[in-house]
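Novice: Have a look at this one.
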Amino acid sequence: MTPFEYILPLVSVLVGLAIADLAVSFNRLLRARHRVSWDWLTLLSAFIALLAVLDIWWMFSGEQDATFYYTLAGFLPFAVQLILLFLINAAALPDDVPEEGISLKEFYAANSVYLWGLFTVYFLSIFVSRAITHLIADGDVWNMLTHTVWNVVMLAFFGSLILIKRRWYHGVVLIVFLIVYFSGWSLRTLG
């Protein structure tokens, strides 16, 4: 077995836990649907959380020769990112529906700083680990910046969602993110 074949199951388990937590929360909402006041923005943010965790698994599975992850120092930042993705998916939807019901719009308003804060830390961790990787590999700061520009854009997007509370702004940012995401990443293949 290659080192990749040892690491992939652990990555898959962590990804599976994140997806399972989101799915369980969504199932609880569906079961109590008559006591739930639905909100498109909450559901869209949960969908983006799901896309993020699927994307990291797809990226990792496609990099089967990524020797960077074969050392503990290389894998540890990636493990932190996986844990952050679990927390993001766990925070995207409420864990239960109280007897008196729940408003997903109110949940989003109360939870958005935490959720987008986690997303911001997640993209910051990606930026830092990729920046260090590129600087170690060739020492070229310009090369590092060109390879991490997408993560800086994501930091700005999700960081702005912490500071700006307007729902319309959140909606626009999330829809733009989905358009960019699907136009750039949806055709990626494994291997």
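In the structure tokens, the first chain shown is A, the next is B, and so on; residue numbers restart at 1 for each chain, and ligands run from 1 in the order shown.
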Set out as JSON lines a contact list for stretch 21-118 of chain A and stretch 158-166 of chain A with a cut-off of 8 Å, giving each residue of stretch 21-118 of chain A that qualifies its closest atom pair and distance in Å to one decimal, counting only C-alpha atoms, ordered by chain and rising residue number.
Specialist:
{"residue": "A:Ser112", "atom": "CA", "partner": "A:Ile162", "partner_atom": "CA", "distance": 7.1}
{"residue": "A:Val113", "atom": "CA", "partner": "A:Ile162", "partner_atom": "CA", "distance": 5.0}
{"residue": "A:Trp116", "atom": "CA", "partner": "A:Phe158", "partner_atom": "CA", "distance": 5.7}
{"residue": "A:Gly117", "atom": "CA", "partner": "A:Ile162", "partner_atom": "CA", "distance": 6.4}
Novice: Write out as a list in words which residues come within 10 Å of A:Tyr181 when counting only C-alpha atoms, dropping same-chain ones fewer than 6 positions away.
Specialist: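 Everything that qualifies: Ile48, Leu51, Ala52, Asp55 and Ile175 of chain A.
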Novice: Please compute the atom CA of A:Val172-atom CA of A:Ala46 distance, one decimal, in Å.
Specialist: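 Here the two named atoms are 15.6 Å from each other.
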Novice: Point out the residue among A:Ile126, A:Thr148, A:Ala73, A:Leu93 with the least atom-to-atom distance to A:Ile56, counting only C-alpha atoms.
Specialist: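 Among A:Ile126, A:Thr148, A:Ala73, A:Leu93, it is A:Ile126 that comes nearest to A:Ile56.
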Novice: Got a sec: who's within 10 Å of A:Val152, counting only C-alpha atoms, leaving out chain neighbours fewer than 4 positions off, as a list of chain:residue names?
Specialist: A:Thr120, A:Phe123, A:Leu124, A:Ile126, A:Phe127, A:Leu145, A:Thr148, A:Ala156, A:Phe157
Novice: Please indicate the distance in Å from atom CA of A:Ser45 to atom CA of A:Pro98, rounded to one decimal place.
Specialist: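 According to the coordinates, atom CA of A:Ser45 and atom CA of A:Pro98 are separated by 21.3 Å.
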Novice: Could you pull out the alpha helix (DSSP H) residues of chain A, going by DSSP on the backbone, and write them as a ChimeraX atom specification?
Specialist: /A:3-31,40-62,72-92,104-138,141-163,167-185
Novice: Going by DSSP on the backbone, which bits of stretch 14-179 of chain A are strand (DSSP E or B)? Write them as a list of chain:residue names, please.
Specialist: A:Val36, A:Ser37, A:Ile102, A:Ser103
Novice: Which residue gives the smallest distance to A:Met59 among A:Ile102, A:Leu87, A:Val11, A:Leu44, with only C-alpha atoms counted?
Specialist: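 Counting only C-alpha atoms, the residue closest to A:Met59 is A:Val11.
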